[in-house]
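Asks: One structure follows; several queries about it will come next.
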Amino acid sequence: MNKPKLTYFDFDGGRGEVPRIAFTLGGVDFEDDRVPFLVWAERKPATPFAALPVLEIGGQTVAQSNTINRYVLTGLCPTDPWQAALCDEAMDAVEDIAVKIAPTFDMAAPEKRTAHAALAKGPIPFFLSGLAARLKANGGRFFADDRLTVADLKSSALGQASEVGRIGSRTVRSGRSRCASTRSALRARDPRTARARLLRRPHDRKLRESSDASFRSMSLRRGALPR
Ligand SMILES: N[C@@H](CCC(=O)N[C@@H](CS)C(=O)NCC(=O)O)C(=O)O
């Protein structure tokens, strides 16, 4: 069987990061197809919704980040319908943040600064505070199911290496929101840190084995993915 191909932009973080982390830590051999921004216009029409990420598996293609997250990380999705709803709620709230920031990507620097300042004053703290409140309501550590779920990975990954993270951090630092708990909770289990550590120190077998074991136990779709 061909290995799965995950197509996303050429940076760490954002909507494509969760499946990358899952494949990497799960030991799944996948093609990490990183599209340089310069060639995106050429490749865009071939994607289902003119956007990334896209997952190709067994000759078929599926788009939409949350769909891909749920497909790749079934073991990190609650089976209880209510907990699954809470998990989806957090992932969708993260999307609400992303769609507010996306239009600023192509802005020139001065315009972007103004747009980010406006976002940091209102919409971003609003959503981050909302997420923090939901986190608190669910016990303070995880968004749902009293354990790590795709919602935790998504919120963490989107805040990394992206404008979302920069605006979010500024917002937290400025004390304009009460989302410090979200930030520290997310930082504590930051999967990118774990991954970076793992890749930097491949000789550290204990660490690798325990990460592999825990990610494998999250049951990546074993039927569909090569091991
Ligand atoms: N609802 C989609 C949104 C996808 C999306 O907007 N992706 C961005 C990158 S994070 C993109 O492809 N932007 C380039 C463009 O819109 O041309 C999802 O969750 O996957």
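The chains in the structure tokens are called A, B, ... from first to last as shown; in each chain the residues are counted from 1, and the ligands are counted from 1 in the order shown.
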Which residues form the shell of 6 Å around ligand 1 when you count only C-alpha atoms and all ligand atoms, given as a list in words?
Replies: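 Using only C-alpha atoms and all ligand atoms, everything at most 6 Å from ligand 1 comes to Gly14, Arg15, Ala51, Leu52, Pro53, Gln64, Ser65 and Asn66 of chain A.
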Asks: Leaving out A:Asp88 and any residue of its chain fewer than 3 positions from it, which residues lie within 9 Å of it when counting only C-alpha atoms, given as a ChimeraX atom specification?
Replies: /A:66,83-85,91-93,150-151
Asks: With N, CA and C atoms kept, could you save the residues just selected as a CSV table (one decimal), in the first residue's frame?
Replies:
```csv
chain,number,residue,atom,x,y,z
A,66,ASN,N,-10.2,19.5,10.4
A,66,ASN,CA,-10.8,18.7,11.5
A,66,ASN,C,-11.2,17.3,11.1
A,83,GLN,N,-18.9,14.0,25.0
A,83,GLN,CA,-17.5,14.3,25.0
A,83,GLN,C,-17.0,14.7,23.6
A,84,ALA,N,-17.5,13.9,22.6
A,84,ALA,CA,-17.1,14.2,21.2
A,84,ALA,C,-17.5,15.6,20.8
A,85,ALA,N,-18.7,16.0,21.3
A,85,ALA,CA,-19.2,17.3,21.0
A,85,ALA,C,-18.3,18.4,21.6
A,91,MET,N,-12.3,22.4,18.8
A,91,MET,CA,-11.7,22.5,17.5
A,91,MET,C,-12.3,23.5,16.6
A,92,ASP,N,-13.6,23.6,16.7
A,92,ASP,CA,-14.3,24.7,15.9
A,92,ASP,C,-14.0,26.1,16.4
A,93,ALA,N,-13.8,26.2,17.7
A,93,ALA,CA,-13.5,27.5,18.2
A,93,ALA,C,-12.1,28.0,17.8
A,150,VAL,N,-7.8,15.2,20.3
A,150,VAL,CA,-7.4,16.0,19.1
A,150,VAL,C,-7.6,17.5,19.3
A,151,ALA,N,-8.6,17.8,20.2
A,151,ALA,CA,-8.9,19.3,20.4
A,151,ALA,C,-7.7,19.9,21.1
```
Asks: Can you pull out every residue within 10 Å of A:Leu119, counting only C-alpha atoms, but drop anything in the same chain fewer than 3 positions away, and send it as JSON, numbers by chain?
Replies: {"A": [97, 100, 101, 113, 114, 115, 116, 122, 123, 124, 125, 126, 167, 168, 171]}
Asks: May I have the residues from that selection written out with N, CA and C atoms, as a compact mmCIF listing (two decimals), in the first residue's frame?
Replies:
```txt
# COMPACT_ATOMS: atom_id res chain seq x y z
N ILE A 97 -10.88 31.28 15.43
CA ILE A 97 -9.71 32.17 15.59
C ILE A 97 -8.93 32.22 14.27
N LYS A 100 -10.28 34.37 11.52
CA LYS A 100 -10.17 35.82 11.76
C LYS A 100 -8.77 36.32 11.41
N ILE A 101 -7.80 35.46 11.61
CA ILE A 101 -6.41 35.89 11.38
C ILE A 101 -5.98 35.71 9.92
N ARG A 113 -0.06 45.27 11.08
CA ARG A 113 0.09 45.65 12.50
C ARG A 113 -1.23 46.18 13.05
N THR A 114 -1.88 47.04 12.27
CA THR A 114 -3.15 47.62 12.72
C THR A 114 -4.21 46.52 12.88
N ALA A 115 -4.26 45.63 11.88
CA ALA A 115 -5.26 44.56 11.93
C ALA A 115 -5.02 43.65 13.13
N HIS A 116 -3.74 43.33 13.39
CA HIS A 116 -3.42 42.44 14.51
C HIS A 116 -3.74 43.13 15.84
N GLY A 122 -9.87 42.59 20.74
CA GLY A 122 -11.24 42.06 20.88
C GLY A 122 -11.41 40.58 20.59
N PRO A 123 -11.46 40.22 19.31
CA PRO A 123 -11.88 38.86 18.95
C PRO A 123 -10.98 37.75 19.51
N ILE A 124 -9.66 37.98 19.48
CA ILE A 124 -8.79 36.88 19.92
C ILE A 124 -8.93 36.62 21.43
N PRO A 125 -8.82 37.68 22.28
CA PRO A 125 -9.04 37.43 23.71
C PRO A 125 -10.42 36.81 23.98
N PHE A 126 -11.41 37.24 23.19
CA PHE A 126 -12.75 36.70 23.39
C PHE A 126 -12.75 35.17 23.21
N ILE A 167 -0.18 36.54 18.11
CA ILE A 167 -1.22 37.43 18.63
C ILE A 167 -1.72 36.90 19.97
N GLY A 168 -1.90 35.60 20.04
CA GLY A 168 -2.37 34.98 21.28
C GLY A 168 -1.43 35.28 22.43
N THR A 171 -1.54 38.80 23.53
CA THR A 171 -2.79 39.02 24.25
C THR A 171 -2.66 38.55 25.70
```
Asks: Work out how far apart atom CA of A:Met107 and atom CA of A:Lys44 are and give it in Å to one decimal.
Replies: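 The value is 20.0 Å.
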Asks: Report, in Å to a single decimal, how far apart atom CA of A:Tyr8 and atom CA of A:Trp40 are.
Replies: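 These two atoms are separated by 9.9 Å.
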Asks: Using the chain letters and numbers from this document, which residues of stretch 10-162 of chain A does DSSP assign to alpha helix (DSSP H), as a ChimeraX atom specification?
Replies: /A:17-25,40-43,65-72,81-101,109-121,123-137,150-158
Asks: Nearest residue to A:Thr47 out of A:Thr24, A:Thr74, A:Thr61, A:Thr149, using only C-alpha atoms?
Replies: A:Thr61
Asks: Of the residues A:Gly27, A:Val72, A:Glu42, A:Lys121, which is the one nearest to A:Leu6, using only C-alpha atoms?
Replies: A:Val72
Asks: As an exercise, work out the distance from atom CA of A:Lys3 to atom CA of A:Leu76 in Å and give it to one decimal place.
Replies: 21.4 Å
Asks: Write down as an MDAnalysis selection string the residues belonging to stretch 25-99 of chain A that are assigned strand (DSSP E or B) by DSSP computed on the backbone.
Replies: chainID A and resid 31:35 54:57 60:63
Asks: Only C-alpha atoms, please: the residues just picked out, written as an mmCIF file, in the first residue's frame.
Replies:
```
data_model
loop_
_atom_site.group_PDB
_atom_site.id
_atom_site.type_symbol
_atom_site.label_atom_id
_atom_site.label_comp_id
_atom_site.auth_asym_id
_atom_site.auth_seq_id
_atom_site.Cartn_x
_atom_site.Cartn_y
_atom_site.Cartn_z
ATOM 1 C CA GLU A 31 5.016 11.638 2.738
ATOM 2 C CA ASP A 32 5.298 15.094 4.280
ATOM 3 C CA ASP A 33 4.441 17.103 1.177
ATOM 4 C CA ARG A 34 5.293 20.709 2.085
ATOM 5 C CA VAL A 35 4.069 23.212 -0.464
ATOM 6 C CA VAL A 54 -5.199 17.569 2.171
ATOM 7 C CA LEU A 55 -4.641 13.921 3.004
ATOM 8 C CA GLU A 56 -4.177 11.360 0.252
ATOM 9 C CA ILE A 57 -4.558 7.789 1.262
ATOM 10 C CA GLN A 60 -8.166 8.869 -2.461
ATOM 11 C CA THR A 61 -8.134 12.399 -1.150
ATOM 12 C CA VAL A 62 -9.809 14.056 1.802
ATOM 13 C CA ALA A 63 -9.639 17.695 2.879
#
```
